[in-house]
file upload-v3.txt (compact mmCIF, C-alpha atoms)
# COMPACT_ATOMS: atom_id res chain seq x y z
CA MET A 1 109.44 120.49 67.80
CA ASP A 2 108.60 117.91 65.16
CA LYS A 3 111.59 116.24 63.56
CA PRO A 4 113.04 118.84 61.17
CA ALA A 5 113.98 117.98 57.60
CA SER A 6 116.89 120.42 57.38
CA ILE A 7 119.10 122.63 59.51
CA ASP A 8 117.21 125.71 58.29
CA GLU A 9 113.97 124.14 59.50
CA TYR A 10 115.58 123.23 62.82
CA LEU A 11 116.86 126.77 63.37
CA ALA A 12 113.47 128.25 62.53
CA GLY A 13 112.06 126.45 65.55
CA VAL A 14 114.48 127.70 68.23
CA PRO A 15 114.36 131.01 70.15
CA GLU A 16 115.85 134.04 68.41
CA ASP A 17 118.88 134.43 70.69
CA GLN A 18 119.81 130.77 70.33
CA ARG A 19 119.17 130.87 66.59
CA ALA A 20 121.64 133.75 66.18
CA ALA A 21 124.30 131.87 68.17
CA LEU A 22 123.71 128.67 66.21
CA GLU A 23 123.91 130.49 62.89
CA LYS A 24 127.35 131.78 63.87
CA LEU A 25 128.39 128.30 64.96
CA ARG A 26 127.09 126.89 61.68
CA ALA A 27 129.06 129.47 59.68
CA ASN A 28 132.27 128.68 61.56
CA ILE A 29 131.82 124.95 60.98
CA LYS A 30 131.29 125.50 57.26
CA ALA A 31 134.33 127.78 57.09
CA ALA A 32 136.52 125.08 58.64
CA ALA A 33 135.03 122.21 56.61
CA PRO A 34 133.69 123.74 53.38
CA ARG A 35 133.09 120.32 51.78
CA ALA A 36 131.01 119.03 54.67
CA THR A 37 127.36 118.31 53.96
CA GLU A 38 124.56 119.35 56.28
CA THR A 39 122.11 116.80 57.60
CA ILE A 40 119.78 116.02 60.47
CA SER A 41 120.90 113.14 62.66
CA TYR A 42 118.81 111.96 65.60
CA GLY A 43 116.71 115.10 65.21
CA MET A 44 119.70 117.43 65.53
CA PRO A 45 121.81 119.38 63.01
CA ALA A 46 124.99 117.59 61.98
CA PHE A 47 127.74 117.85 59.39
CA LYS A 48 129.30 114.97 57.49
CA ASP A 49 132.68 114.69 55.80
CA HIS A 50 134.19 111.20 55.62
CA GLY A 51 131.58 110.23 58.20
CA THR A 52 129.83 112.24 60.89
CA LEU A 53 131.95 115.28 61.73
CA VAL A 54 130.27 117.52 64.32
CA GLY A 55 126.79 118.53 65.38
CA PHE A 56 124.91 121.00 67.55
CA ALA A 57 121.58 121.43 69.29
CA ALA A 58 119.62 123.96 71.32
CA PHE A 59 118.29 123.07 74.76
CA LYS A 60 116.22 125.02 77.26
CA ASP A 61 119.13 126.51 79.21
CA HIS A 62 122.11 126.03 76.92
CA ILE A 63 123.46 125.14 73.50
CA SER A 64 125.48 122.01 72.90
CA PHE A 65 128.25 121.63 70.35
CA PHE A 66 129.18 118.01 69.62
CA PRO A 67 132.75 117.49 68.34
CA MET A 68 131.97 113.80 68.82
CA SER A 69 135.47 113.07 70.06
CA VAL A 70 136.70 112.84 73.64
CA THR A 71 140.27 113.09 72.34
CA VAL A 72 139.73 116.45 70.65
CA ILE A 73 138.05 117.89 73.74
CA GLU A 74 140.79 116.66 76.05
CA ALA A 75 143.43 118.20 73.78
CA HIS A 76 141.90 121.65 74.33
CA ARG A 77 140.91 121.31 77.97
CA GLU A 78 142.47 124.64 78.99
CA GLU A 79 140.72 126.62 76.23
CA LEU A 80 137.43 124.94 77.14
CA GLU A 81 137.76 125.67 80.85
CA PRO A 82 135.02 128.38 80.78
CA TYR A 83 132.54 125.90 79.37
CA ARG A 84 130.89 122.74 80.65
CA THR A 85 132.12 119.62 78.88
CA SER A 86 131.23 115.95 79.06
CA LYS A 87 132.48 113.17 76.79
CA GLY A 88 131.99 114.51 73.26
CA THR A 89 129.92 117.56 74.21
CA ILE A 90 130.64 121.24 74.89
CA GLN A 91 127.87 123.32 76.45
CA PHE A 92 127.64 127.10 76.29
CA LYS A 93 125.15 129.94 76.69
CA ALA A 94 123.77 131.83 73.70
CA ASP A 95 125.27 135.08 75.05
CA LYS A 96 128.67 133.46 75.61
CA PRO A 97 129.39 131.58 72.37
CA LEU A 98 132.47 129.54 71.59
CA PRO A 99 135.21 131.63 69.96
CA ALA A 100 135.24 131.26 66.17
CA ALA A 101 138.93 130.33 66.12
CA LEU A 102 138.36 127.53 68.65
CA VAL A 103 135.37 126.13 66.76
CA LYS A 104 137.34 126.06 63.52
CA LYS A 105 140.28 124.39 65.23
CA LEU A 106 138.07 121.67 66.72
CA VAL A 107 136.31 121.05 63.41
CA ARG A 108 139.59 120.80 61.48
CA GLU A 109 140.95 118.31 64.00
CA ARG A 110 137.79 116.26 63.75
CA LEU A 111 138.17 116.26 59.97
CA GLU A 112 141.73 115.04 60.36
CA GLU A 113 140.48 112.26 62.61
CA ASN A 114 137.89 111.25 60.04
CA THR A 115 140.37 111.24 57.19
CA GLY A 116 143.20 109.62 59.13
CA GLY A 117 145.38 112.73 59.01
CA LYS A 118 147.99 113.69 61.57
CA ARG A 119 147.53 116.64 63.89
CA SER A 120 151.09 117.94 63.76
CA ARG A 121 150.45 120.97 65.97
CA LYS A 122 148.99 118.93 68.82
CA PRO A 123 151.39 118.20 71.69
CA ALA A 124 152.37 114.55 71.98
CA THR A 125 151.41 114.53 75.66
CA SER A 126 147.78 115.29 74.75
CA ARG A 127 147.56 112.07 72.74
CA GLU A 128 148.41 109.58 75.44
CA ARG A 129 147.93 106.02 74.27
CA TYR A 130 146.26 103.58 76.63
CA PRO A 131 147.26 99.89 76.54
CA MET A 132 144.38 97.42 76.64
CA PRO A 133 144.08 95.75 80.07
CA ASP A 134 143.76 91.96 80.20
CA TYR A 135 140.22 92.12 81.63
CA VAL A 136 139.03 94.22 78.69
CA GLU A 137 140.64 91.85 76.20
CA ARG A 138 138.98 88.89 77.91
CA GLU A 139 135.55 90.51 77.71
CA LEU A 140 135.99 91.41 74.04
CA GLU A 141 137.10 87.90 73.15
CA GLY A 142 134.49 86.25 75.37
CA ARG A 143 131.67 88.16 73.70
CA GLY A 144 133.05 87.82 70.20
CA LEU A 145 133.53 91.57 69.83
CA MET A 146 137.25 91.78 69.16
CA ASP A 147 136.67 92.22 65.42
CA ALA A 148 134.08 94.94 66.05
CA TYR A 149 136.57 96.71 68.31
CA GLY A 150 139.30 96.38 65.69
CA ARG A 151 137.09 98.01 63.07
CA ARG A 152 136.69 101.15 65.15
CA PRO A 153 139.03 104.08 64.36
CA PRO A 154 142.17 104.20 66.54
CA TYR A 155 141.01 107.34 68.33
CA GLN A 156 137.79 105.59 69.41
CA GLN A 157 139.69 102.55 70.64
CA ASN A 158 141.98 104.81 72.66
CA ASP A 159 139.07 106.87 73.99
CA TYR A 160 137.26 103.75 75.16
CA ILE A 161 140.28 102.21 76.93
CA GLY A 162 141.31 105.48 78.54
CA TRP A 163 137.76 106.17 79.70
CA ILE A 164 137.42 102.71 81.23
CA THR A 165 140.81 102.55 82.93
CA ARG A 166 140.58 106.06 84.40
CA ALA A 167 137.53 105.08 86.46
CA LYS A 168 138.37 105.19 90.17
CA GLN A 169 135.63 102.82 91.31
CA GLU A 170 135.29 99.20 90.17
CA ALA A 171 131.55 99.64 89.67
CA THR A 172 132.14 102.65 87.43
CA ARG A 173 134.81 100.79 85.50
CA GLN A 174 132.48 97.85 84.92
CA LYS A 175 129.64 100.16 83.86
CA ARG A 176 131.87 101.86 81.31
CA LEU A 177 133.12 98.53 80.03
CA GLU A 178 129.54 97.32 79.57
CA GLN A 179 128.68 100.50 77.68
CA MET A 180 131.60 99.98 75.31
CA LEU A 181 130.63 96.37 74.72
CA GLY A 182 127.03 97.35 74.08
CA GLU A 183 128.01 100.05 71.62
CA LEU A 184 130.37 97.72 69.78
CA GLU A 185 127.62 95.13 69.55
CA ALA A 186 125.08 97.67 68.29
CA GLY A 187 127.60 99.16 65.87
CA ASP A 188 125.91 102.56 65.56
CA ALA A 189 127.03 104.40 68.69
CA TYR A 190 130.22 105.76 70.22
CA MET A 191 130.27 107.24 73.73
CA ASN A 192 126.46 107.65 73.62
CA MET A 193 126.75 109.52 70.33
CA PRO A 194 125.62 108.44 66.86
CA TYR A 195 128.29 106.61 64.89
CA HIS A 196 127.96 105.74 61.24
CA PRO A 197 131.00 103.78 60.02
CA LYS A 198 131.93 103.95 56.40
CA LEU A 199 131.06 100.72 54.63
CA SER A 200 133.95 99.08 52.81
CA LYS A 201 133.41 97.50 49.43
CA PRO A 202 133.42 93.68 49.38
CA ASN A 203 136.41 92.01 47.76
call {"tool": "encode", "arguments": {"input": "upload-v3.txt", "output": "structure tokens"}}
result
Amino acid sequence: MDKPASIDEYLAGVPEDQRAALEKLRANIKAAAPRATETISYGMPAFKDHGTLVGFAAFKDHISFFPMSVTVIEAHREELEPYRTSKGTIQFKADKPLPAALVKKLVRERLEENTGGKRSRKPATSRERYPMPDYVERELEGRGLMDAYGRRPPYQQNDYIGWITRAKQEATRQKRLEQMLGELEAGDAYMNMPYHPKLSKPN
């Protein structure tokens, strides 16, 4: 479809069964984040509250919900077991939608990430912190990207380092490191997802 101007216009262009599932998803997102504003980002429906919050999109064989946080997805790995996940994406079929309670939980946790809040009900073990390896630090300093890395939210820094260091193959590790460096340099992406940092006022 042509690039839609609103979520209503986007939904009007998807098949009826997917539209019904997306309307329910939309309602659950709004219930969990009533102050969030609707927008279209990269041609897909998205919600913003203190920055980009979540998004969704319809594809030929599935629907994707984008919490836009590896950390949030990992924290609910067991609940998401019936669904296909990758990085900041959860895929499901129109006839097997995500439970409303789970959607609301994910959205609220994303809002807490955006606002710097603490997720008190989340087990400490699900928020493992990854120390920065020397080789990552060298690459950041060598390319002059340490400041760009430091400006990213703590959850993104942790996601990046964990994602890189968990790679089993050196080639995979290097590929992930290059992706992080490229995204830091570009400044508008995080784990292949749109990222729009809040601009701070000059002193």
call {"tool": "closest_residue", "arguments": {"input": "upload-v3.txt", "among": "A:Ile40, A:Met180, A:Leu140, A:Ala5", "to": "Asn192 of chain A", "atoms": "all atoms listed in the file"}}
result
A:Met180
call {"tool": "residues_around", "arguments": {"input": "upload-v3.txt", "residues": "Leu181 of chain A", "least_positions_apart": "4", "cutoff": "9 Å", "atoms": "all atoms listed in the file", "output": "VMD selection string"}}
result
chain A and resid 139 to 140 143 145 149 176 to 177 185 to 186
call {"tool": "residues_around", "arguments": {"input": "upload-v3.txt", "residues": "segment 27-36 of chain A", "least_positions_apart": "5", "cutoff": "7 Å", "atoms": "all atoms listed in the file", "output": "VMD selection string"}}
result
chain A and resid 47 to 49 100 103 to 104 107 to 108
call {"tool": "atom_distance", "arguments": {"input": "upload-v3.txt", "atom1": "atom CA of Tyr155 of chain A", "atom2": "atom CA of Val72 of chain A"}}
result
9.5 Å
call {"tool": "atom_distance", "arguments": {"input": "upload-v3.txt", "atom1": "atom CA of Ala101 of chain A", "atom2": "atom CA of Leu22 of chain A"}}
result
15.3 Å
call {"tool": "closest_residue", "arguments": {"input": "upload-v3.txt", "among": "A:Ser64, A:Asn114, A:Gln179, A:Ser6", "to": "Ile164 of chain A", "atoms": "all atoms listed in the file"}}
result
A:Gln179
call {"tool": "closest_residue", "arguments": {"input": "upload-v3.txt", "among": "A:Lys93, A:Arg129, A:His50, A:His62", "to": "His196 of chain A", "atoms": "only C-alpha atoms"}}
result
A:His50
call {"tool": "residues_around", "arguments": {"input": "upload-v3.txt", "residues": "segment 7-13 of chain A", "least_positions_apart": "4", "cutoff": "12 Å", "atoms": "all atoms listed in the file", "output": "mmCIF file with C-alpha atoms, in the frame of the given file"}}
result
data_model
loop_
_atom_site.group_PDB
_atom_site.id
_atom_site.type_symbol
_atom_site.label_atom_id
_atom_site.label_comp_id
_atom_site.auth_asym_id
_atom_site.auth_seq_id
_atom_site.Cartn_x
_atom_site.Cartn_y
_atom_site.Cartn_z
ATOM 1 C CA MET A 1 109.440 120.490 67.800
ATOM 2 C CA ASP A 2 108.600 117.910 65.160
ATOM 3 C CA LYS A 3 111.590 116.240 63.560
ATOM 4 C CA ASP A 17 118.880 134.430 70.690
ATOM 5 C CA GLN A 18 119.810 130.770 70.330
ATOM 6 C CA ARG A 19 119.170 130.870 66.590
ATOM 7 C CA ALA A 20 121.640 133.750 66.180
ATOM 8 C CA ALA A 21 124.300 131.870 68.170
ATOM 9 C CA LEU A 22 123.710 128.670 66.210
ATOM 10 C CA GLU A 23 123.910 130.490 62.890
ATOM 11 C CA LYS A 24 127.350 131.780 63.870
ATOM 12 C CA LEU A 25 128.390 128.300 64.960
ATOM 13 C CA ARG A 26 127.090 126.890 61.680
ATOM 14 C CA THR A 37 127.360 118.310 53.960
ATOM 15 C CA GLU A 38 124.560 119.350 56.280
ATOM 16 C CA THR A 39 122.110 116.800 57.600
ATOM 17 C CA ILE A 40 119.780 116.020 60.470
ATOM 18 C CA SER A 41 120.900 113.140 62.660
ATOM 19 C CA GLY A 43 116.710 115.100 65.210
ATOM 20 C CA MET A 44 119.700 117.430 65.530
ATOM 21 C CA PRO A 45 121.810 119.380 63.010
ATOM 22 C CA ALA A 46 124.990 117.590 61.980
ATOM 23 C CA PHE A 47 127.740 117.850 59.390
ATOM 24 C CA GLY A 55 126.790 118.530 65.380
ATOM 25 C CA PHE A 56 124.910 121.000 67.550
ATOM 26 C CA ALA A 57 121.580 121.430 69.290
ATOM 27 C CA ALA A 58 119.620 123.960 71.320
ATOM 28 C CA PHE A 59 118.290 123.070 74.760
#
call {"tool": "residues_around", "arguments": {"input": "upload-v3.txt", "residues": "Met193 of chain A", "least_positions_apart": "3", "cutoff": "9 Å", "atoms": "only C-alpha atoms", "output": "JSON, numbers by chain"}}
result
{"A": [66, 68, 88, 188, 189, 190]}
call {"tool": "write_last_selection", "arguments": {"input": "upload-v3.txt", "atoms": "C-alpha atoms", "output": "mmCIF file, in the frame of the given file"}}
result
data_model
loop_
_atom_site.group_PDB
_atom_site.id
_atom_site.type_symbol
_atom_site.label_atom_id
_atom_site.label_comp_id
_atom_site.auth_asym_id
_atom_site.auth_seq_id
_atom_site.Cartn_x
_atom_site.Cartn_y
_atom_site.Cartn_z
ATOM 1 C CA PHE A 66 129.180 118.010 69.620
ATOM 2 C CA MET A 68 131.970 113.800 68.820
ATOM 3 C CA GLY A 88 131.990 114.510 73.260
ATOM 4 C CA ASP A 188 125.910 102.560 65.560
ATOM 5 C CA ALA A 189 127.030 104.400 68.690
ATOM 6 C CA TYR A 190 130.220 105.760 70.220
#
call {"tool": "atom_distance", "arguments": {"input": "upload-v3.txt", "atom1": "atom CA of Glu112 of chain A", "atom2": "atom CA of Arg173 of chain A"}}
result
29.7 Å
